[in-house]
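Everything on this sheet refers to the single structure shown next.
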Amino acid sequence: MSGKDKQFYRCPSLCFMNKEAINYFIYARKSTEGEDRQILSIEGQLQEVEQIRNREQLTILETLIDKKSAASPYNRPHYTDMIHRIKRSEASGIVVYQIDRLVRNHLEAGELQYLLQTGAIKSIWTNNREYRSEDNALLFSIEASVATQYSRDLSVKVRRGIKQKCALGQPPRTAPLGYLNTKSSAKGANTVIADPERWHIIRKGFDLLLSRKYTVPQILVLLNREYGLHTRAKSTTGGRLLARATLYRIFTNPFYYGYFYHKADLFKGTYPPMITVEEFDQVQQILGRKGKPRPKKHIFPFTGLMTCGVCGCAITASEKVKKIKETGEVKSYTFYHCTKRKKNCHCTEKHYTTAKEIEAMIVSDLHRYQLRPSFKEWAITLLKEMHQEEMAKRQALLQSTIDQEKKLERELDNLIELRISNGISEEKYYEKKADKEQLLLRVQSKIKQEEFQAKDWICTLADKLEFCVSAVDHFIHGDTQMKKSICLDFGWNWLLKGKKLLIYKHEWFEPIRKFQKALEAVFGRLEPEKTFEKYGREASFMLMRPIERRLVDQVRTHNSQ
């Protein structure tokens, strides 16, 4: 008789009586939570346990399954319930695939061993042996300790691996919407990449919020309905329209500007950032302090633009309803006033400015920069002719810079080959490599600037001139959204003091303002087409030159940032 046969040998009659007298719990556990990763493991354990049950003719009271980790004590509800029921003598045996399915920590291992030694548990069946209360406790103690130590070692390895992954700039979690986790079979080789299906949609959401022309609920509707944004589909969840809470989490998540948190530590990611740090800070300001959205009951066109000229607090709006006694007509009025919400704020501003007064001041200011449609077409025609030669020079300069970039990249490759062949010392290699890389970064930055200057920015300039032509009409006849959009394009800092509105205009308006009177003096007498006839081409160029230089420089600087 072999050793293994001896191990299972019992007196048939005694063995039969014991099995009949013992009620067993079947217990199975998988530590990884998530239905898609645990069903096969649980089924495999139950199949093995079923073979033990059939072979030994065991009486099963109930099958219990946990889908929790056993590394921490009292983390598994069904296991805890099973132990309590064993203490109440509902059963005195357990059938499990392996001992490590029962215990992974010293506290529960000690309790289980105590119950086995005192006879509360009379039998524990596994796939390779039976542990009985009258057996030597040393073997069970060793196997339980091995299972517990394995759990501790695994925890240390996992934490070390996560720490190393964070240091390498890869977040150890599921990537948020707009990104994907790669699915490499090599351990530790998975990275985060841009989601080609959703990246541009999430970026569009940031752009809409940064424009300050849309609220978060409005952006949510646009992304869901017009762009068809859905969450990633999984086996049992996902594939649904984006929820408002999820969109707020996206707008306040530093992951999107290239950084991520792990246990309160901030790490720089190596995945492609979707926005810049400056854009993220602007988003937080738009949403409110610390990224908390500000509740709004009404939408007013000029809130969020103006601050109090006395104390610097934000200007808010209130809607009042008044009933006219003579006619019985009900009218609503909107007033703008200081919030006075800063700490230790002693604001002396007591004026309430109506919406009509605000609009009248804005229209008056817009009129100062209004241009005739005919001037726009004439100006664009002149600008195109004046800059054909300059654009050709810029294109040649861009090509020269690109050639310089390629040369530096070749030099870096040659430097690596020299180091591989020991043609250069390690110290010298890193010194020269750092110099070349710094120079390459500067060249690439220069290429980015020159690429814009070499592009056809005439279209951008035409948009600016079109704003001056049509802003007044669009503001007067536009809806709330249109009015706010025009205000944002017109100025960046608005102060309201003593029922007077001061607007700090964008810099590209400056040349328009300075030469407004001179232009009107010329175009008041002649149409643009007749200017060529009276002054000639060169004289027209000279007339346009001061405006052209200032306006083009401002537009170019603004758009290349």
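Identifiers in this document derive from the order of the structure tokens: chains are assigned A, B, ..., residues are numbered from 1 separately in each chain, and ligands are numbered from 1 in order of occurrence.
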Within 8 Å of A:Ile124 using only C-alpha atoms, minus same-chain residues under 5 positions, as a ChimeraX atom specification: /A:93-96,130-132
Output as a VMD selection string all residues of stretch 122-345 of chain A that backbone DSSP marks as alpha helix (DSSP H). chain A and resid 137 to 167 199 to 210 216 to 221 244 to 251 277 to 287
Using only C-alpha atoms, which residues sit within 7 Å of stretch 249-256 of chain A once same-chain residues fewer than 2 positions away are excluded, as a count of residues only? 12
Skip A:Ser141 itself and residues of its chain fewer than 6 positions away, then list as a ChimeraX atom specification all residues within 9 Å of it, counting only C-alpha atoms. /A:109-110,113
Keeping only all heavy atoms, write those residues as a PDB file, in the first residue's frame.
```pdb
ATOM      1  N   ALA A 109      -6.070  32.521  10.323  1.00  0.00           N
ATOM      2  CA  ALA A 109      -5.414  31.203  10.336  1.00  0.00           C
ATOM      3  C   ALA A 109      -5.353  30.637  11.753  1.00  0.00           C
ATOM      4  O   ALA A 109      -5.594  29.445  11.976  1.00  0.00           O
ATOM      5  CB  ALA A 109      -4.008  31.328   9.747  1.00  0.00           C
ATOM      6  N   GLY A 110      -5.016  31.526  12.727  1.00  0.00           N
ATOM      7  CA  GLY A 110      -4.963  31.067  14.118  1.00  0.00           C
ATOM      8  C   GLY A 110      -6.326  30.639  14.621  1.00  0.00           C
ATOM      9  O   GLY A 110      -6.456  29.627  15.333  1.00  0.00           O
ATOM     10  N   GLN A 113      -7.231  27.234  13.028  1.00  0.00           N
ATOM     11  CA  GLN A 113      -6.461  26.156  13.643  1.00  0.00           C
ATOM     12  C   GLN A 113      -6.981  25.832  15.049  1.00  0.00           C
ATOM     13  O   GLN A 113      -7.046  24.664  15.454  1.00  0.00           O
ATOM     14  CB  GLN A 113      -4.980  26.541  13.706  1.00  0.00           C
ATOM     15  CG  GLN A 113      -4.084  25.404  14.187  1.00  0.00           C
ATOM     16  CD  GLN A 113      -2.612  25.751  14.070  1.00  0.00           C
ATOM     17  OE1 GLN A 113      -2.268  26.785  13.538  1.00  0.00           O
ATOM     18  NE2 GLN A 113      -1.757  24.890  14.589  1.00  0.00           N
TER      19      GLN A 113
END
```
Which is closest to A:Val363 among A:Ile324, A:Leu115, A:Cys487, A:Cys347, if we use only C-alpha atoms?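 Closest to A:Val363, using only C-alpha atoms: A:Cys487.
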So that I can see what lies close to stretch 118-123 of chain A, please list as an NGL selection string the residues with an atom at most 12 Å from it, counting only C-alpha atoms and leaving out residues fewer than 3 positions away in the same chain. :A and (15 or 18-19 or 21-25 or 58 or 82-96 or 111-115 or 126 or 129-135 or 137 or 140)
Report, in Å to a single decimal, how far apart atom CA of A:Leu220 and atom CA of A:Arg244 are. 6.6 Å
Write down as number ranges by chain the residues belonging to stretch 293-503 of chain A that are assigned strand (DSSP E) by DSSP computed on the backbone. A: 306-308, 315-323, 330-338, 353-354, 491-497, 500-503
Just how far from atom CA of A:Ser145 is atom CA of A:Glu62, in Å to one decimal?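 Calculated distance between atom CA of A:Glu62 and atom CA of A:Ser145 is 27.2 Å.
Proximity of A:Glu319, A:Gly304, A:Lys464, A:Val310 to A:Asn493, computed with only C-alpha atoms, is greatest for A:Gly304.
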If we count only C-alpha atoms, what is near stretch 48-54 of chain A at a cut-off of 9 Å, once residues fewer than 4 positions away on the same chain are taken out, given as a PyMOL selection string? chain A and resi 26-28+43-44+58-60+95-97+125-127
Atomic distance atom CA of A:Tyr504 - atom CA of A:Val472, expressed in Å with one decimal: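 So the two atoms, atom CA of A:Tyr504 and atom CA of A:Val472, lie 17.5 Å apart.
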Which residues are close to A:His200, i.e. within 12 Å by only C-alpha atoms, leaving aside same-chain residues fewer than 5 positions away? Reply as a PyMOL selection string. chain A and resi 177-179+194-195+205-207+223+227-229+274-275
Please dump the current selection as a PDB file, in the first residue's frame; keep N, CA, C and O atoms.
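Printed below is result-v3.pdb as written:
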```pdb
ATOM      1  N   LEU A 177     -11.791  58.228 -19.347  1.00  0.00           N
ATOM      2  CA  LEU A 177     -12.371  58.372 -20.675  1.00  0.00           C
ATOM      3  C   LEU A 177     -11.508  59.291 -21.534  1.00  0.00           C
ATOM      4  O   LEU A 177     -11.096  60.362 -21.097  1.00  0.00           O
ATOM      5  N   GLY A 178     -11.243  58.856 -22.744  1.00  0.00           N
ATOM      6  CA  GLY A 178     -10.352  59.585 -23.640  1.00  0.00           C
ATOM      7  C   GLY A 178      -9.009  58.902 -23.789  1.00  0.00           C
ATOM      8  O   GLY A 178      -8.229  59.219 -24.696  1.00  0.00           O
ATOM      9  N   TYR A 179      -8.744  57.930 -22.894  1.00  0.00           N
ATOM     10  CA  TYR A 179      -7.509  57.151 -22.932  1.00  0.00           C
ATOM     11  C   TYR A 179      -7.851  55.657 -22.893  1.00  0.00           C
ATOM     12  O   TYR A 179      -8.959  55.269 -22.526  1.00  0.00           O
ATOM     13  N   ALA A 194      -3.728  57.262 -26.110  1.00  0.00           N
ATOM     14  CA  ALA A 194      -4.926  58.034 -26.457  1.00  0.00           C
ATOM     15  C   ALA A 194      -5.964  57.129 -27.107  1.00  0.00           C
ATOM     16  O   ALA A 194      -5.626  56.244 -27.904  1.00  0.00           O
ATOM     17  N   ASP A 195      -7.226  57.324 -26.749  1.00  0.00           N
ATOM     18  CA  ASP A 195      -8.330  56.574 -27.330  1.00  0.00           C
ATOM     19  C   ASP A 195      -8.719  57.241 -28.663  1.00  0.00           C
ATOM     20  O   ASP A 195      -9.247  58.362 -28.654  1.00  0.00           O
ATOM     21  N   GLY A 205     -14.808  68.931 -25.461  1.00  0.00           N
ATOM     22  CA  GLY A 205     -15.488  69.349 -24.240  1.00  0.00           C
ATOM     23  C   GLY A 205     -14.683  70.394 -23.477  1.00  0.00           C
ATOM     24  O   GLY A 205     -15.232  71.392 -22.989  1.00  0.00           O
ATOM     25  N   PHE A 206     -13.363  70.170 -23.372  1.00  0.00           N
ATOM     26  CA  PHE A 206     -12.505  71.160 -22.724  1.00  0.00           C
ATOM     27  C   PHE A 206     -12.522  72.482 -23.491  1.00  0.00           C
ATOM     28  O   PHE A 206     -12.583  73.561 -22.888  1.00  0.00           O
ATOM     29  N   ASP A 207     -12.461  72.402 -24.817  1.00  0.00           N
ATOM     30  CA  ASP A 207     -12.462  73.627 -25.631  1.00  0.00           C
ATOM     31  C   ASP A 207     -13.752  74.420 -25.435  1.00  0.00           C
ATOM     32  O   ASP A 207     -13.732  75.650 -25.340  1.00  0.00           O
ATOM     33  N   LEU A 223     -21.916  66.920 -26.337  1.00  0.00           N
ATOM     34  CA  LEU A 223     -21.042  65.743 -26.464  1.00  0.00           C
ATOM     35  C   LEU A 223     -21.853  64.471 -26.669  1.00  0.00           C
ATOM     36  O   LEU A 223     -21.480  63.602 -27.471  1.00  0.00           O
ATOM     37  N   TYR A 227     -21.979  64.633 -30.794  1.00  0.00           N
ATOM     38  CA  TYR A 227     -20.730  63.901 -31.022  1.00  0.00           C
ATOM     39  C   TYR A 227     -20.847  62.414 -30.688  1.00  0.00           C
ATOM     40  O   TYR A 227     -19.910  61.654 -30.917  1.00  0.00           O
ATOM     41  N   GLY A 228     -21.985  62.004 -30.141  1.00  0.00           N
ATOM     42  CA  GLY A 228     -22.225  60.584 -29.883  1.00  0.00           C
ATOM     43  C   GLY A 228     -21.293  59.959 -28.874  1.00  0.00           C
ATOM     44  O   GLY A 228     -20.882  58.804 -29.020  1.00  0.00           O
ATOM     45  N   LEU A 229     -20.936  60.707 -27.825  1.00  0.00           N
ATOM     46  CA  LEU A 229     -20.007  60.186 -26.817  1.00  0.00           C
ATOM     47  C   LEU A 229     -20.698  59.149 -25.932  1.00  0.00           C
ATOM     48  O   LEU A 229     -21.768  59.394 -25.398  1.00  0.00           O
ATOM     49  N   MET A 274      -3.722  65.740 -22.718  1.00  0.00           N
ATOM     50  CA  MET A 274      -4.783  66.252 -23.583  1.00  0.00           C
ATOM     51  C   MET A 274      -4.849  67.776 -23.536  1.00  0.00           C
ATOM     52  O   MET A 274      -5.191  68.427 -24.533  1.00  0.00           O
ATOM     53  N   ILE A 275      -4.526  68.364 -22.377  1.00  0.00           N
ATOM     54  CA  ILE A 275      -4.567  69.814 -22.217  1.00  0.00           C
ATOM     55  C   ILE A 275      -3.296  70.266 -21.516  1.00  0.00           C
ATOM     56  O   ILE A 275      -2.530  69.439 -21.007  1.00  0.00           O
TER      57      ILE A 275
END
```
